[in-house]
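Pasting final15.pdb here (PDB, C-alpha atoms and all ligand atoms):
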ATOM      1  CA  MET A 635       0.000   0.000   0.000
ATOM      2  CA  ASN A 636       1.682   3.161  -1.212
ATOM      3  CA  ASN A 637      -1.177   5.589  -1.035
ATOM      4  CA  VAL A 638      -1.791   7.617   2.063
ATOM      5  CA  ILE A 639      -5.215   7.847   3.667
ATOM      6  CA  VAL A 640      -5.805  11.311   5.075
ATOM      7  CA  ARG A 641      -8.702  12.267   7.326
ATOM      8  CA  ASP A 642      -9.639  15.435   9.168
ATOM      9  CA  TYR A 643     -12.157  15.688  11.975
ATOM     10  CA  ASP A 644     -13.686  18.400  14.091
ATOM     11  CA  ILE A 645     -13.716  17.734  17.799
ATOM     12  CA  PRO A 646     -16.667  19.773  19.091
ATOM     13  CA  ALA A 647     -16.323  21.635  22.378
ATOM     14  CA  ASN A 648     -18.468  20.664  25.339
ATOM     15  CA  ASP A 649     -20.077  17.831  23.439
ATOM     16  CA  PHE A 650     -19.498  14.901  25.676
ATOM     17  CA  THR A 651     -21.749  12.694  23.573
ATOM     18  CA  ALA A 652     -19.755  13.179  20.381
ATOM     19  CA  ALA A 653     -16.359  12.835  22.064
ATOM     20  CA  GLY A 654     -14.659   9.787  20.638
ATOM     21  CA  GLU A 655     -16.271   9.879  17.195
ATOM     22  CA  ALA A 656     -12.996  10.729  15.459
ATOM     23  CA  SER A 657     -11.196   7.915  17.276
ATOM     24  CA  SER A 658     -14.009   5.553  16.436
ATOM     25  CA  SER A 659     -13.800   6.455  12.749
ATOM     26  CA  VAL A 660     -10.030   5.950  12.624
ATOM     27  CA  ARG A 661     -10.419   2.664  14.435
ATOM     28  CA  LYS A 662     -12.886   1.521  11.777
ATOM     29  CA  ILE A 663     -10.463   2.428   8.974
ATOM     30  CA  LEU A 664      -7.609   0.520  10.618
ATOM     31  CA  VAL A 665      -9.786  -2.560  11.116
ATOM     32  CA  GLN A 666     -10.863  -2.406   7.457
ATOM     33  CA  LEU A 667      -7.223  -2.184   6.369
ATOM     34  CA  GLY A 668      -6.508  -5.377   8.275
ATOM     35  CA  VAL A 669      -4.102  -3.753  10.746
ATOM     36  CA  SER A 670      -3.369  -6.092  13.682
ATOM     37  CA  PRO A 671      -5.768  -5.938  16.659
ATOM     38  CA  TYR A 672      -2.852  -5.015  18.917
ATOM     39  CA  VAL A 673      -2.013  -1.940  16.844
ATOM     40  CA  VAL A 674      -5.691  -1.028  16.488
ATOM     41  CA  LYS A 675      -6.090  -1.088  20.267
ATOM     42  CA  ARG A 676      -2.931   0.942  20.945
ATOM     43  CA  THR A 677      -3.974   3.549  18.378
ATOM     44  CA  SER A 678      -7.544   3.663  19.685
ATOM     45  CA  ILE A 679      -6.460   4.199  23.285
ATOM     46  CA  ALA A 680      -3.892   6.870  22.435
ATOM     47  CA  MET A 681      -6.182   8.808  20.108
ATOM     48  CA  TYR A 682      -9.251   8.567  22.338
ATOM     49  CA  GLU A 683      -7.324   9.886  25.361
ATOM     50  CA  ALA A 684      -6.054  12.813  23.271
ATOM     51  CA  GLU A 685      -9.520  13.463  21.868
ATOM     52  CA  ILE A 686     -11.072  13.434  25.328
ATOM     53  CA  ASN A 687      -8.380  15.845  26.523
ATOM     54  CA  ALA A 688      -9.185  18.240  23.674
ATOM     55  CA  VAL A 689     -12.846  18.148  24.728
ATOM     56  CA  ILE A 690     -12.448  18.447  28.488
ATOM     57  CA  HIS A 691      -9.342  20.660  28.693
ATOM     58  CA  GLY A 692      -8.943  22.331  25.289
ATOM     59  CA  HIS A 693     -12.442  23.627  24.404
ATOM     60  CA  GLY A 694     -12.585  21.192  21.486
ATOM     61  CA  GLY A 695     -10.276  21.135  18.491
ATOM     62  CA  LYS A 696      -9.305  19.219  15.400
ATOM     63  CA  ALA A 697      -7.871  15.844  14.515
ATOM     64  CA  HIS A 698      -5.693  15.205  11.474
ATOM     65  CA  VAL A 699      -4.845  11.617  10.609
ATOM     66  CA  GLU A 700      -2.503  10.102   8.017
ATOM     67  CA  ILE A 701      -2.306   6.382   7.466
ATOM     68  CA  ASP A 702       0.262   4.804   5.153
ATOM     69  CA  GLY A 703       1.524   1.268   4.736
ATOM     70  CA  SER A 704       3.674   1.315   7.841
ATOM     71  CA  LYS A 705       2.158   3.691  10.372
ATOM     72  CA  VAL A 706      -0.628   5.911  11.544
ATOM     73  CA  TYR A 707       0.118   9.522  12.413
ATOM     74  CA  ILE A 708      -2.441  11.473  14.464
ATOM     75  CA  ARG A 709      -2.362  15.157  15.300
ATOM     76  CA  ILE A 710      -4.893  16.490  17.781
ATOM     77  CA  SER A 711      -4.828  20.229  18.204
ATOM     78  CA  ASP A 712      -6.834  22.720  20.187
ATOM     79  CA  GLU A 713      -6.769  26.434  20.917
ATOM     80  CA  GLY A 714      -7.450  26.022  24.594
ATOM     81  CA  PRO A 715      -5.535  27.194  27.667
ATOM     82  CA  GLY A 716      -2.338  25.206  26.962
ATOM     83  CA  ILE A 717      -0.334  23.292  29.548
ATOM     84  CA  PRO A 718       1.856  25.469  31.809
ATOM     85  CA  ASP A 719       3.997  22.619  33.189
ATOM     86  CA  LEU A 720       4.141  19.719  30.759
ATOM     87  CA  GLU A 721       6.425  17.599  32.902
ATOM     88  CA  LEU A 722       3.954  17.827  35.773
ATOM     89  CA  ALA A 723       0.979  17.150  33.477
ATOM     90  CA  MET A 724       2.684  13.983  32.200
ATOM     91  CA  GLN A 725       2.878  12.544  35.704
ATOM     92  CA  GLU A 726       0.419   9.755  36.437
ATOM     93  CA  GLY A 727      -2.379  10.995  38.663
ATOM     94  CA  TYR A 728      -1.907  14.680  37.972
ATOM     95  CA  SER A 729      -5.145  16.245  36.815
ATOM     96  CA  THR A 730      -6.778  19.644  36.828
ATOM     97  CA  ALA A 731     -10.123  18.177  35.750
ATOM     98  CA  PRO A 732     -13.058  19.498  37.787
ATOM     99  CA  ASP A 733     -15.406  17.195  39.723
ATOM    100  CA  SER A 734     -18.000  17.482  36.958
ATOM    101  CA  ILE A 735     -15.584  15.683  34.616
ATOM    102  CA  ARG A 736     -14.750  13.070  37.227
ATOM    103  CA  GLU A 737     -18.453  12.364  37.594
ATOM    104  CA  MET A 738     -18.454  11.576  33.893
ATOM    105  CA  GLY A 739     -15.753   8.949  34.474
ATOM    106  CA  PHE A 740     -12.683  10.898  33.388
ATOM    107  CA  GLY A 741      -9.993  13.013  34.974
ATOM    108  CA  ALA A 742      -7.862  10.400  36.731
ATOM    109  CA  GLY A 743      -4.715  12.030  35.416
ATOM    110  CA  MET A 744      -3.636   8.940  33.484
ATOM    111  CA  GLY A 745      -4.356  10.184  29.958
ATOM    112  CA  LEU A 746      -1.057  11.689  28.848
ATOM    113  CA  SER A 747       1.003   8.828  30.294
ATOM    114  CA  ASN A 748      -1.405   6.401  28.672
ATOM    115  CA  ILE A 749      -0.917   8.084  25.295
ATOM    116  CA  LYS A 750       2.833   7.802  25.728
ATOM    117  CA  LYS A 751       2.556   4.132  26.667
ATOM    118  CA  HIS A 752       0.430   3.231  23.659
ATOM    119  CA  SER A 753       2.248   5.205  20.975
ATOM    120  CA  ASP A 754       5.687   4.767  19.427
ATOM    121  CA  ILE A 755       6.337   8.487  19.060
ATOM    122  CA  MET A 756       4.544  11.120  21.116
ATOM    123  CA  LYS A 757       5.242  14.813  20.972
ATOM    124  CA  ILE A 758       3.363  17.675  22.590
ATOM    125  CA  ASP A 759       3.549  21.304  21.543
ATOM    126  CA  THR A 760       1.821  23.567  23.982
ATOM    127  CA  GLU A 761       1.728  27.234  24.804
ATOM    128  CA  VAL A 762      -0.246  28.897  27.566
ATOM    129  CA  ASN A 763      -3.304  30.739  26.195
ATOM    130  CA  LYS A 764      -2.511  29.523  22.664
ATOM    131  CA  GLY A 765      -3.330  25.852  22.714
ATOM    132  CA  THR A 766      -2.017  22.325  22.642
ATOM    133  CA  THR A 767      -1.084  19.944  19.842
ATOM    134  CA  VAL A 768      -0.458  16.281  20.514
ATOM    135  CA  HIS A 769       1.360  14.277  17.825
ATOM    136  CA  ILE A 770       0.979  10.520  17.998
ATOM    137  CA  THR A 771       2.641   7.935  15.745
ATOM    138  CA  VAL A 772       1.999   4.215  15.953
ATOM    139  CA  PHE A 773       3.964   1.844  13.717
ATOM    140  CA  PHE A 774       2.190  -1.213  12.357
ATOM    141  CA  ASN A 775       5.116  -3.570  12.801
ATOM    142  CA  ALA A 776       5.532  -2.757  16.504
ATOM    143  CA  ILE A 777       5.777  -5.818  18.707
TER     144      ILE A 777
ATOM    145  CA  MET B 878     -19.913 -17.563  30.110
ATOM    146  CA  ARG B 879     -22.570 -16.864  27.501
ATOM    147  CA  ILE B 880     -24.634 -13.682  27.604
ATOM    148  CA  ALA B 881     -27.739 -15.658  28.552
ATOM    149  CA  GLU B 882     -25.939 -17.283  31.514
ATOM    150  CA  ILE B 883     -24.629 -13.913  32.706
ATOM    151  CA  ALA B 884     -28.087 -12.372  32.417
ATOM    152  CA  GLU B 885     -29.603 -15.220  34.399
ATOM    153  CA  LEU B 886     -26.932 -15.129  37.115
ATOM    154  CA  LEU B 887     -27.287 -11.362  37.576
ATOM    155  CA  LYS B 888     -31.048 -11.349  36.998
ATOM    156  CA  ALA B 889     -30.173  -8.778  34.373
ATOM    157  CA  GLU B 890     -32.139  -7.238  31.585
ATOM    158  CA  ILE B 891     -30.505  -7.414  28.146
ATOM    159  CA  CYS B 892     -30.916  -3.874  26.778
ATOM    160  CA  THR B 893     -29.476  -4.294  23.267
ATOM    161  CA  LYS B 894     -31.196  -6.410  20.681
ATOM    162  CA  ASP B 895     -29.869  -9.614  19.126
ATOM    163  CA  PRO B 896     -26.881 -10.137  21.417
ATOM    164  CA  SER B 897     -24.309 -12.540  20.018
ATOM    165  CA  GLN B 898     -25.068 -16.150  20.968
ATOM    166  CA  ASP B 899     -21.514 -17.412  20.660
ATOM    167  CA  LEU B 900     -19.755 -14.777  22.727
ATOM    168  CA  ASP B 901     -17.927 -16.586  25.544
ATOM    169  CA  ILE B 902     -16.894 -14.198  28.319
ATOM    170  CA  LEU B 903     -13.940 -15.282  30.492
ATOM    171  CA  SER B 904     -12.716 -12.022  32.013
ATOM    172  CA  ALA B 905     -14.092  -8.771  33.371
ATOM    173  CA  CYS B 906     -13.225  -5.568  35.155
ATOM    174  CA  SER B 907     -15.320  -3.379  37.441
ATOM    175  CA  ALA B 908     -14.890   0.391  37.498
ATOM    176  CA  ASP B 909     -16.760   3.673  37.626
ATOM    177  CA  LEU B 910     -13.808   5.608  36.274
ATOM    178  CA  MET B 911     -13.384   5.131  32.517
ATOM    179  CA  SER B 912      -9.897   6.651  32.869
ATOM    180  CA  ASP B 913      -8.975   3.618  34.973
ATOM    181  CA  VAL B 914     -10.461   1.222  32.452
ATOM    182  CA  MET B 915      -8.367   2.890  29.751
ATOM    183  CA  ALA B 916      -5.212   2.812  31.855
ATOM    184  CA  PHE B 917      -5.401  -0.501  33.689
ATOM    185  CA  SER B 918      -7.710  -2.962  31.981
ATOM    186  CA  LYS B 919      -5.717  -5.277  29.772
ATOM    187  CA  GLU B 920      -7.816  -7.757  27.867
ATOM    188  CA  ASN B 921     -11.092  -7.884  29.686
ATOM    189  CA  ALA B 922     -14.110  -8.681  27.573
ATOM    190  CA  MET B 923     -16.694  -7.360  30.026
ATOM    191  CA  LEU B 924     -17.054  -4.172  32.064
ATOM    192  CA  LEU B 925     -19.228  -3.754  35.150
ATOM    193  CA  THR B 926     -19.959  -0.158  36.043
ATOM    194  CA  GLY B 927     -22.266   2.182  37.908
ATOM    195  CA  LEU B 928     -21.567   4.964  35.425
ATOM    196  CA  VAL B 929     -24.103   5.531  32.675
ATOM    197  CA  ASN B 930     -23.124   7.842  29.818
ATOM    198  CA  PRO B 931     -22.188   7.470  26.132
ATOM    199  CA  GLN B 932     -18.465   7.506  26.933
ATOM    200  CA  VAL B 933     -18.878   4.161  28.676
ATOM    201  CA  VAL B 934     -19.837   2.660  25.316
ATOM    202  CA  ARG B 935     -16.994   4.562  23.608
ATOM    203  CA  THR B 936     -14.510   3.304  26.169
ATOM    204  CA  ALA B 937     -15.780  -0.234  25.666
ATOM    205  CA  GLU B 938     -15.343   0.139  21.923
ATOM    206  CA  MET B 939     -11.743   1.363  22.207
ATOM    207  CA  MET B 940     -10.852  -1.348  24.713
ATOM    208  CA  ASP B 941     -12.452  -4.216  22.754
ATOM    209  CA  ILE B 942     -14.918  -4.754  25.589
ATOM    210  CA  LYS B 943     -17.863  -6.760  24.255
ATOM    211  CA  VAL B 944     -20.290  -6.607  27.177
ATOM    212  CA  VAL B 945     -21.137  -3.775  29.603
ATOM    213  CA  VAL B 946     -23.160  -4.496  32.747
ATOM    214  CA  PHE B 947     -24.766  -1.495  34.447
ATOM    215  CA  VAL B 948     -25.230  -2.153  38.148
ATOM    216  CA  ARG B 949     -27.578  -0.884  40.869
ATOM    217  CA  GLY B 950     -30.519  -0.844  38.485
ATOM    218  CA  LYS B 951     -29.057   1.789  36.195
ATOM    219  CA  LYS B 952     -30.480   1.730  32.697
ATOM    220  CA  PRO B 953     -28.809   2.990  29.518
ATOM    221  CA  GLN B 954     -30.650   5.675  27.532
ATOM    222  CA  PRO B 955     -31.866   4.958  23.971
ATOM    223  CA  PRO B 956     -28.980   6.867  22.271
ATOM    224  CA  MET B 957     -26.495   4.744  24.238
ATOM    225  CA  ILE B 958     -28.302   1.563  23.252
ATOM    226  CA  GLU B 959     -28.224   2.649  19.616
ATOM    227  CA  LEU B 960     -24.505   3.398  19.786
ATOM    228  CA  ALA B 961     -23.822   0.046  21.422
ATOM    229  CA  GLU B 962     -25.859  -1.861  18.844
ATOM    230  CA  GLU B 963     -23.965  -0.081  16.084
ATOM    231  CA  LYS B 964     -20.682  -1.216  17.658
ATOM    232  CA  GLY B 965     -21.885  -4.734  18.410
ATOM    233  CA  ILE B 966     -21.559  -4.181  22.154
ATOM    234  CA  VAL B 967     -24.046  -5.907  24.469
ATOM    235  CA  LEU B 968     -25.560  -3.834  27.308
ATOM    236  CA  LEU B 969     -27.036  -5.450  30.428
ATOM    237  CA  SER B 970     -28.696  -3.892  33.449
ATOM    238  CA  THR B 971     -28.785  -5.567  36.867
ATOM    239  CA  ASP B 972     -30.206  -4.479  40.203
ATOM    240  CA  TYR B 973     -27.228  -5.921  42.097
ATOM    241  CA  PRO B 974     -24.604  -3.463  43.330
ATOM    242  CA  LEU B 975     -21.117  -3.519  41.798
ATOM    243  CA  PHE B 976     -19.475  -5.628  44.496
ATOM    244  CA  VAL B 977     -22.169  -8.289  44.563
ATOM    245  CA  ALA B 978     -22.464  -8.530  40.772
ATOM    246  CA  SER B 979     -18.664  -8.858  40.490
ATOM    247  CA  GLY B 980     -18.591 -11.501  43.229
ATOM    248  CA  LYS B 981     -21.283 -13.583  41.586
ATOM    249  CA  LEU B 982     -19.352 -13.600  38.325
ATOM    250  CA  TYR B 983     -16.056 -14.345  40.082
ATOM    251  CA  SER B 984     -17.612 -17.325  41.815
ATOM    252  CA  LYS B 985     -18.536 -18.681  38.369
ATOM    253  CA  GLY B 986     -14.925 -18.485  37.231
ATOM    254  CA  ILE B 987     -14.781 -15.057  35.591
ATOM    255  CA  ARG B 988     -11.401 -13.479  36.310
ATOM    256  CA  GLY B 989      -9.826 -10.040  35.994
ATOM    257  CA  ARG B 990      -6.861  -9.531  33.725
ATOM    258  CA  GLY B 991      -5.028  -6.565  35.172
ATOM    259  CA  GLU B 992      -1.465  -5.345  34.927
TER     260      GLU B 992
HETATM  261  N1  LIG C1001      -5.389  19.596  25.504
HETATM  262  C1  LIG C1001      -5.096  20.069  26.725
HETATM  263  N2  LIG C1001      -5.237  21.399  26.971
HETATM  264  C2  LIG C1001      -4.954  21.901  28.205
HETATM  265  N3  LIG C1001      -4.527  21.153  29.237
HETATM  266  C3  LIG C1001      -4.372  19.828  29.035
HETATM  267  C4  LIG C1001      -4.640  19.213  27.781
HETATM  268  N4  LIG C1001      -4.369  17.896  27.878
HETATM  269  C5  LIG C1001      -3.961  17.694  29.141
HETATM  270  N5  LIG C1001      -3.953  18.857  29.844
HETATM  271  C6  LIG C1001      -3.542  19.049  31.253
HETATM  272  O1  LIG C1001      -2.783  17.927  31.658
HETATM  273  C7  LIG C1001      -3.428  17.274  32.777
HETATM  274  C8  LIG C1001      -3.197  15.784  32.700
HETATM  275  O2  LIG C1001      -3.814  15.232  31.546
HETATM  276  P1  LIG C1001      -4.223  13.699  31.555
HETATM  277  O3  LIG C1001      -3.020  12.896  31.897
HETATM  278  O4  LIG C1001      -4.898  13.378  30.268
HETATM  279  O5  LIG C1001      -5.235  13.589  32.765
HETATM  280  P2  LIG C1001      -6.760  14.037  32.890
HETATM  281  O6  LIG C1001      -7.273  14.339  31.518
HETATM  282  O7  LIG C1001      -7.419  12.855  33.501
HETATM  283  O8  LIG C1001      -6.779  15.239  33.786
HETATM  284  C9  LIG C1001      -4.876  17.690  32.672
HETATM  285  O9  LIG C1001      -5.559  17.592  33.894
HETATM  286  C10 LIG C1001      -4.737  19.137  32.192
HETATM  287  O10 LIG C1001      -4.380  19.980  33.268
HETATM  288 MG    MG C1002      -7.003  13.031  29.946
END

The structure in this file should be written as structure tokens.
Ligand SMILES: Nc1ncnc2c1ncn2[C@@H]1O[C@H](COP(=O)(O)OP(=O)(O)O)[C@@H](O)[C@H]1O
Ligand SMILES: [Mg+2]
Amino acid sequence: MNNVIVRDYDIPANDFTAAGEASSSVRKILVQLGVSPYVVKRTSIAMYEAEINAVIHGHGGKAHVEIDGSKVYIRISDEGPGIPDLELAMQEGYSTAPDSIREMGFGAGMGLSNIKKHSDIMKIDTEVNKGTTVHITVFFNAI
Amino acid sequence: MRIAEIAELLKAEICTKDPSQDLDILSACSADLMSDVMAFSKENAMLLTGLVNPQVVRTAEMMDIKVVVFVRGKKPQPPMIELAEEKGIVLLSTDYPLFVASGKLYSKGIRGRGE
């Protein structure tokens, strides 16, 4: 497969019902391409965590996805408040999510570390008051 | 365990239509925090939870969870049922609380696959 599949999605703000639709769509594409269940699951977890973060912390945003024969690249960007201390935010258990989010089942502070764990390359660009972009790459031949 | 056996054991209502007959559930996890399911559940095919919102179905989808049991009599709303049916996920609702429902399943040999 030499051609690249490119998809772009809107991640609506404050729409807790729609959150996860982009991840679900990408998951469907990967399954259809015959990508291994292990890679599908890693990609799904990483992208869904980033998508949820864009909804609950970033006032919504956008997802850009490129799939070629060897990898899936996902970029989730928002124009939210940004992350002042990325090192702290990466720590397991650290969360600024309000109780209302916790009541919805999220905000345990495991998301960013979970993205890191389930991707092969993870990069975060963030600037306070400008926004956050999370880059995720998962290779298909990963063991 | 088959869906029908689980439903009988938990005196549960099957909320989605046409649940798969040949699904054989061997493992489960119980949690109200979907963040924990995402971070800690490894290969569990069933989720027991007291949380009812569409992200429970989403989380199940991403984690390859095939069956979700809502405890303490909580019932999924029609949009959730629709989403689950679209994804081929079975939704059950039992009156038992989380601990008791989990214990009943454990006593029948269902195990948790954690870290
Ligand atoms: N897109 C984002 N925009 C702003 N802040 C973010 C974003 N993603 C993560 N954060 C910050 O990093 C913290 C940790 O994120 P994460 O590990 O996903 O945990 P959680 O989402 O459960 O709080 C969040 O509580 C928030 O303060
Ligand atoms: Mg998060």

(request) Grab the atom CA of B:Gln898 to atom CA of B:Asn930 distance for me, in Å with one decimal place. (result) 25.6 Å

(message) Which residues, named as in the file, does the PyMOL selection byres (((not hetatm)) within 8 of (chain C and resi 1001)) pick out? Answer as an NGL selection string.
(response) (:A and (683-684 or 686-693 or 711-712 or 714-717 or 720 or 722-731 or 740-748 or 760 or 765-768)) or (:B and (912))

Pull out every residue of chain A sitting within 10 Å of chain B, counting all atoms listed in the file, and send them as a PDB file with C-alpha atoms, in the frame of the given file.
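What landed in iface00.pdb:
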ATOM      1  CA  PHE A 650     -19.498  14.901  25.676  1.00  0.00           C
ATOM      2  CA  THR A 651     -21.749  12.694  23.573  1.00  0.00           C
ATOM      3  CA  ALA A 652     -19.755  13.179  20.381  1.00  0.00           C
ATOM      4  CA  ALA A 653     -16.359  12.835  22.064  1.00  0.00           C
ATOM      5  CA  GLY A 654     -14.659   9.787  20.638  1.00  0.00           C
ATOM      6  CA  GLU A 655     -16.271   9.879  17.195  1.00  0.00           C
ATOM      7  CA  SER A 657     -11.196   7.915  17.276  1.00  0.00           C
ATOM      8  CA  SER A 658     -14.009   5.553  16.436  1.00  0.00           C
ATOM      9  CA  ARG A 661     -10.419   2.664  14.435  1.00  0.00           C
ATOM     10  CA  PRO A 671      -5.768  -5.938  16.659  1.00  0.00           C
ATOM     11  CA  VAL A 674      -5.691  -1.028  16.488  1.00  0.00           C
ATOM     12  CA  LYS A 675      -6.090  -1.088  20.267  1.00  0.00           C
ATOM     13  CA  ARG A 676      -2.931   0.942  20.945  1.00  0.00           C
ATOM     14  CA  THR A 677      -3.974   3.549  18.378  1.00  0.00           C
ATOM     15  CA  SER A 678      -7.544   3.663  19.685  1.00  0.00           C
ATOM     16  CA  ILE A 679      -6.460   4.199  23.285  1.00  0.00           C
ATOM     17  CA  ALA A 680      -3.892   6.870  22.435  1.00  0.00           C
ATOM     18  CA  MET A 681      -6.182   8.808  20.108  1.00  0.00           C
ATOM     19  CA  TYR A 682      -9.251   8.567  22.338  1.00  0.00           C
ATOM     20  CA  GLU A 683      -7.324   9.886  25.361  1.00  0.00           C
ATOM     21  CA  ILE A 686     -11.072  13.434  25.328  1.00  0.00           C
ATOM     22  CA  ARG A 736     -14.750  13.070  37.227  1.00  0.00           C
ATOM     23  CA  GLU A 737     -18.453  12.364  37.594  1.00  0.00           C
ATOM     24  CA  MET A 738     -18.454  11.576  33.893  1.00  0.00           C
ATOM     25  CA  GLY A 739     -15.753   8.949  34.474  1.00  0.00           C
ATOM     26  CA  PHE A 740     -12.683  10.898  33.388  1.00  0.00           C
ATOM     27  CA  GLY A 741      -9.993  13.013  34.974  1.00  0.00           C
ATOM     28  CA  ALA A 742      -7.862  10.400  36.731  1.00  0.00           C
ATOM     29  CA  GLY A 743      -4.715  12.030  35.416  1.00  0.00           C
ATOM     30  CA  MET A 744      -3.636   8.940  33.484  1.00  0.00           C
ATOM     31  CA  GLY A 745      -4.356  10.184  29.958  1.00  0.00           C
ATOM     32  CA  SER A 747       1.003   8.828  30.294  1.00  0.00           C
ATOM     33  CA  ASN A 748      -1.405   6.401  28.672  1.00  0.00           C
ATOM     34  CA  ILE A 749      -0.917   8.084  25.295  1.00  0.00           C
ATOM     35  CA  LYS A 751       2.556   4.132  26.667  1.00  0.00           C
ATOM     36  CA  HIS A 752       0.430   3.231  23.659  1.00  0.00           C
TER      37      HIS A 752
END

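Of the listed residues A:Asp719, A:Asp702, A:Asp644, A:Glu685, the one whose atoms come nearest to ligand MG 1002 (chain C) is A:Glu685, with distances taken using only C-alpha atoms and all ligand atoms.
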
(request) For atom CA of A:Val699 and atom CA of A:Lys662, determine how far apart the two atoms are, in Å to one decimal place. (result) 13.0 Å

(request) State, in Å with one decimal place, the distance from atom CA of A:Gly703 to atom CA of A:Tyr643. (result) 21.2 Å

(request) Give as a VMD selection string every residue, naming chains and numbers as the document does, that has an atom within 12 Å of (-28.0, -1.0, 39.2), counting all atoms listed in the file. (result) chain B and resid 887 to 890 925 to 929 946 to 953 969 to 978

(message) the PyMOL selection byres (((chain B and resi 878) around 9) and not hetatm) - which residues does that actually catch in the file I just gave you? List them as number ranges by chain.
(response) B: 879-883, 900-903, 985-987

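Distance annotation: of A:Leu664, A:Ile645, A:Ile735, A:Ile639, the residue with the minimal separation from ligand MG 1002 (chain C) is A:Ile735; atom set is all atoms listed in the file.
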
(message) Taking only C-alpha atoms and all ligand atoms into account, name the residue in A:Asp649, A:Pro732, A:Val673, A:Ile708 that is nearest to ligand MG 1002 (chain C).
(response) A:Pro732

(message) What would the selection look like, as a list in words, if the PyMOL selection byres (((chain A and resi 697) around 6) and not hetatm) were run on the coordinates I just shared?
(response) Asp642, Tyr643, Lys696, His698, Arg709 and Ile710 of chain A
